[in-house]
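Input: a single structure, listed below in structure tokens.
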Amino acid sequence: MEVSSELLLSNGCTSRQRVLLTASLFTCWLLSTTAKVTIHSPLQVVEGQNVFLRVDNLPEDLLAFAWYRGLRNWRVAIALHLVEYNASMTGPEHSDREILHSNGSLWIQNVTQEDTGYYTLQTISKHGKLVSNTSTFLQVYSALFTCGRPTSPAKLTIESVPPRVAEGGSVLLLVHNLPEYSQLFSWYKGLTLFNEVEIAEYKIAKNLSDPGPAHSGREIVFSNGSLLLQNVTWKDTGFYTLQTVNGFREMELAHIYLRVDTPCCDPPDSARLRIDPVTCHAAEGGSVLLQVHNLPEDVQTFSWYKGVDSTPYFRIVEYSKAMKSIFSGYAHSRRETGYTNGSLLLQDVTEKDTGFYTLLTIDSHVKVETVHAQVNVHKLVTQPVVRVTDSTVRVQSSVVFTCFSDNTGVSIRWLFNNQSLQLTERMTLSPSKCQLRIHTVRKEDAGEYQCEAFNPVSSKTSLPVSLAVMNE
């Protein structure tokens with residue numbers, strides 16, 4: 001049923017207008033200069049979150065109010081509310097994700113980047129005058145939004161959990177940043193993608209895992225891409241490769257080197273060539289020693305390579321027993337030092353030094369052995385900064401904290417009054433954890449909030465931001 005009210009208008013408008021419960025609310029009422037309507041919106045929002053555009057100081061004795069997309073086009077109404085009838089009606093810009101509250105606030109659910117733009121609230125008095133015209137800008141970032149800054153897609157990586165595993169134990173090859181829109185992924189034993197070394201293939205849409213020829217019955221594949229190896233033996237030592245394929249047939253690869261520790265009294269382990277990085281994670285500017293154990297006594301030559309390919313282009317250093325000398329290779333950067341015991345020292349490392357390193361040895365019987373090590377180099381974390389949408393809020397309102405960091409590849413944790421924040425059902429974190437939202441504020445939420453940005457080698461905590469909570 002259509003509800004209408006006759007309004008007497010002036011100042012250039014037609015003498016009589018009708019306010020209809022239709023999708024648009026109309027053009028030229030006289031704007032009052034005394035209105036101080038304010039809209040509180042979050043500084044930044046990530047796709048998939050809910051947004052509450054909270055309205056304060058909504059004028060009294062209103063006939064109606066309406067929300068629009070944009071600043072000037074009143075044909076793109078989202079919703080209209082008639083105060084006298086406590087009735088609302090949706091407009092052409094309503095997407096079934098918006099809820100209009102009687103206090104003027106607008107709730108937008110599951111936002112996308114297409115929701116980015118201006119939003120305007122108009123209020124109309126019972127005398128037909130345009131009491132207020134207030135706008136706010138909403139910025140919606142993609143799900144790749146990380147720690148207060150848009151970034152390129154995160155690189156697919158694999159982490160061994162735990163970092164070292166003993167024979168008989170289990171290890172999870174934990175996948176980070178599985179590409180968006182992946183349709184299937186496959187695990188392989190080694191560095192090649194041959195069918196005979198395929199462990200398993202997983203079809204995401206069907207939630208179905210198919211074992212491959214290299215499946216031993218001890219492997220479990222998870223929907224997030226991770227691979228669990230159970231009851232491992234020293235024969236499980238080596239490279240593992242993850243291949244992902246998306247709906248555009250684009251492929252991405254990631255590798256990890258797994259070493260299984262055997263008891264010290266086990267002859268196969270005591271005689272086996274191996275590398276022990278003194279540290280698995282290093283800070284830029286530091287040093288990393290790749291310490292070699294069980295170098296063959298009759299070794300005639302050995303070479304270190306950057307990467308997994310033992311080709312001359314990637315050779316860092318080469319040792320010759322006959323020459324009793326160590327020679328620099330094409331990939332030598334003057335920051336590497338080779339030792340006659342087989343070890344390699346990397347100095348003044350940078351992020352570019354992250355990756356695999358390969359040691360190849362040849363003994364007097366021309367027996368070739370190859371082992372690998374992985375090095376991870378990280379920048380030192382700089383101090384992050386916390387911003388809050390409003391430092392003083394009312395009970396039952398919402399508030400958003402954002403952690404801004406100049407670093408990439410960092411993790412975020414939140415602190416409340418110098419203690420780790422315990423999340424409640426009223427709190428949500430963005431996918432990257434750089435935004436903390438409290439949906440329904442209570443008195444006990446008042447206090448000091450900080451964020452800590454950290455990586456495996458360093459961490460920094462922001463200065464505190466205080467939140468005051470007032471009664472309604």
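By convention in this document, the chains of the structure tokens carry letters A, B, ... by their order, each chain's residues are numbered from 1, and ligands are numbered from 1 in the order they are shown.
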
*Tell me which protein, DNA and RNA residues are within 9 Å of region 202-210 of chain A, counting only C-alpha atoms, leaving out same-chain ones fewer than 3 positions away, and put them as a list in words.*
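Answer for this query is Ser182, Gln183, Leu184, Phe185, Ser186, Trp187, Ile199, Ile220, Val221, Phe222, Ser223 and Gly225 of chain A.
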
_Distance query region 280-285 of chain A at most 12 Å, only C-alpha atoms, self and fewer than 4 positions along chain excluded, as a VMD selection string_ = chain A and resid 159 to 160 163 to 164 275 to 276 289 to 291 335 346 to 356 373 to 381 455 to 459

*Please identify all polymer residues within 10 Å of Gly217 (chain A), counting only C-alpha atoms, omitting same-chain residues fewer than 5 positions from it, and present them as a list in words.*
Ile199, Pro211, Leu229 and Gln230 of chain A

Would you output that residue set with N, CA and C atoms, as a PDB file, in the first residue's frame?
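Wrote result_1.pdb, looks like this:
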```
ATOM      1  N   ILE A 199      52.277 -37.938  -5.053  1.00  0.00           N
ATOM      2  CA  ILE A 199      51.762 -38.498  -3.807  1.00  0.00           C
ATOM      3  C   ILE A 199      50.240 -38.496  -3.815  1.00  0.00           C
ATOM      4  N   PRO A 211      44.921 -40.720  -4.302  1.00  0.00           N
ATOM      5  CA  PRO A 211      46.336 -41.066  -4.084  1.00  0.00           C
ATOM      6  C   PRO A 211      47.047 -41.354  -5.391  1.00  0.00           C
ATOM      7  N   LEU A 229      52.575 -36.152   7.002  1.00  0.00           N
ATOM      8  CA  LEU A 229      53.351 -37.382   6.850  1.00  0.00           C
ATOM      9  C   LEU A 229      53.435 -38.056   8.207  1.00  0.00           C
ATOM     10  N   GLN A 230      53.023 -39.309   8.284  1.00  0.00           N
ATOM     11  CA  GLN A 230      52.982 -40.032   9.549  1.00  0.00           C
ATOM     12  C   GLN A 230      54.042 -41.134   9.568  1.00  0.00           C
TER      13      GLN A 230
END
```

_Which of region 203-290 of chain A DSSP labels strand (DSSP E), written as a VMD selection string_ = chain A and resid 203 208 to 211 219 to 221 227 to 229 238 to 246 251 to 258 260 to 261 274 to 277 281 to 283 288 to 290

So that I have them on file, write out the residues from the current selection with C-alpha atoms, as an mmCIF file, in the first residue's frame.
```
data_model
loop_
_atom_site.group_PDB
_atom_site.id
_atom_site.type_symbol
_atom_site.label_atom_id
_atom_site.label_comp_id
_atom_site.auth_asym_id
_atom_site.auth_seq_id
_atom_site.Cartn_x
_atom_site.Cartn_y
_atom_site.Cartn_z
ATOM 1 C CA LYS A 203 40.060 -31.616 -6.251
ATOM 2 C CA LEU A 208 38.134 -35.407 -3.097
ATOM 3 C CA SER A 209 41.685 -36.706 -2.702
ATOM 4 C CA ASP A 210 43.129 -39.256 -5.145
ATOM 5 C CA PRO A 211 46.336 -41.066 -4.084
ATOM 6 C CA GLU A 219 50.121 -39.402 3.904
ATOM 7 C CA ILE A 220 46.979 -37.342 4.489
ATOM 8 C CA VAL A 221 46.051 -34.347 2.307
ATOM 9 C CA LEU A 227 50.196 -32.583 3.733
ATOM 10 C CA LEU A 228 50.612 -34.729 6.854
ATOM 11 C CA LEU A 229 53.351 -37.382 6.850
ATOM 12 C CA GLY A 238 64.156 -34.910 0.559
ATOM 13 C CA PHE A 239 62.229 -32.372 -1.446
ATOM 14 C CA TYR A 240 58.458 -32.166 -1.649
ATOM 15 C CA THR A 241 56.697 -30.100 -4.298
ATOM 16 C CA LEU A 242 53.194 -28.610 -4.220
ATOM 17 C CA GLN A 243 51.533 -27.687 -7.511
ATOM 18 C CA THR A 244 48.327 -25.613 -7.588
ATOM 19 C CA VAL A 245 46.079 -24.958 -10.590
ATOM 20 C CA ASN A 246 43.302 -22.342 -10.674
ATOM 21 C CA MET A 251 49.951 -22.991 -12.182
ATOM 22 C CA GLU A 252 52.004 -22.152 -9.102
ATOM 23 C CA LEU A 253 54.727 -24.239 -7.455
ATOM 24 C CA ALA A 254 56.272 -24.336 -3.988
ATOM 25 C CA HIS A 255 59.017 -26.591 -2.625
ATOM 26 C CA ILE A 256 60.209 -27.652 0.801
ATOM 27 C CA TYR A 257 63.123 -29.792 1.930
ATOM 28 C CA LEU A 258 62.353 -32.238 4.724
ATOM 29 C CA VAL A 260 64.232 -36.762 9.107
ATOM 30 C CA ASP A 261 66.566 -37.154 12.078
ATOM 31 C CA ARG A 274 73.949 -33.495 5.950
ATOM 32 C CA ILE A 275 73.726 -29.735 6.452
ATOM 33 C CA ASP A 276 72.685 -28.041 9.683
ATOM 34 C CA PRO A 277 71.929 -24.333 9.295
ATOM 35 C CA HIS A 281 65.696 -17.692 10.153
ATOM 36 C CA ALA A 282 68.062 -14.753 9.971
ATOM 37 C CA ALA A 283 67.677 -10.987 10.101
ATOM 38 C CA VAL A 288 74.147 -17.652 8.392
ATOM 39 C CA LEU A 289 76.471 -20.635 8.713
ATOM 40 C CA LEU A 290 75.506 -23.720 6.712
#
```

*Please identify all polymer residues within 12 Å of His101 (chain A), counting only C-alpha atoms, omitting same-chain residues fewer than 6 positions from it, and present them as a ChimeraX atom specification.*
/A:52-55,58,65-67,79-83,86-89,107-108

*Please provide the set of residues having any atom within 10 Å of region 339-341 of chain A, restricted to only C-alpha atoms, with same-chain residues fewer than 3 positions apart removed, written as a ChimeraX atom specification.*
/A:291-297,301-302,317-321,324-326,344-345

*asked:* Can you measure CA of Gly168 (chain A) to CA of Val232 (chain A) for me? One decimal in Å is fine.
replied: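 Pair CA of Gly168 (chain A) / CA of Val232 (chain A) returns 5.1 Å.
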
*Find the spatial neighbours of region 402-410 of chain A, counting only C-alpha atoms, within a cut-off of 7 Å - ignore same-chain residues fewer than 4 positions away - and output them as a list of chain:residue names.*
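The neighbour list is A:Cys147, A:Gly148, A:Val381, A:Thr382, A:Pro384, A:Val385, A:Val386, A:Arg387, A:Val388, A:Cys434, A:Gln435, A:Leu436, A:Cys451, A:Ala453, A:Phe454, A:Asn455.
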
*Close residues, region 437-441 of chain A itself excluded, 10 Å, only C-alpha atoms, min 2 positions apart in chain, as a PyMOL selection string*: chain A and resi 42+49-52+388-389+393-402+423-430+435+443-446+469-470

_Please report the interatomic distance between CA of His332 (chain A) and CA of Lys367 (chain A) in Å with one decimal._
25.6 Å

*asked:* Given only C-alpha atoms as the basis, pick out the residue of A:Thr38, A:Asp363, A:Lys433, A:Ala64 nearest to His127 (chain A).
replied: A:Ala64

*Which of region 109-292 of chain A counts as helix (DSSP H, G or I) under DSSP, as a list in words please?*
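Matching residues for helix (DSSP H, G or I) in region 109-292 of chain A are Gln113, Glu114, Asp115, Asn195, Glu196, Val197, Trp234, Lys235, Asp236, Pro267, Pro268, Asp269 and Ser270 of chain A.
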
*Pick the closest to Asn177 (chain A) from A:Gln450, A:Thr392, A:Ser432, A:Ser95: which is it, counting only C-alpha atoms?*
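Selected residue with least distance to Asn177 (chain A): A:Ser432.
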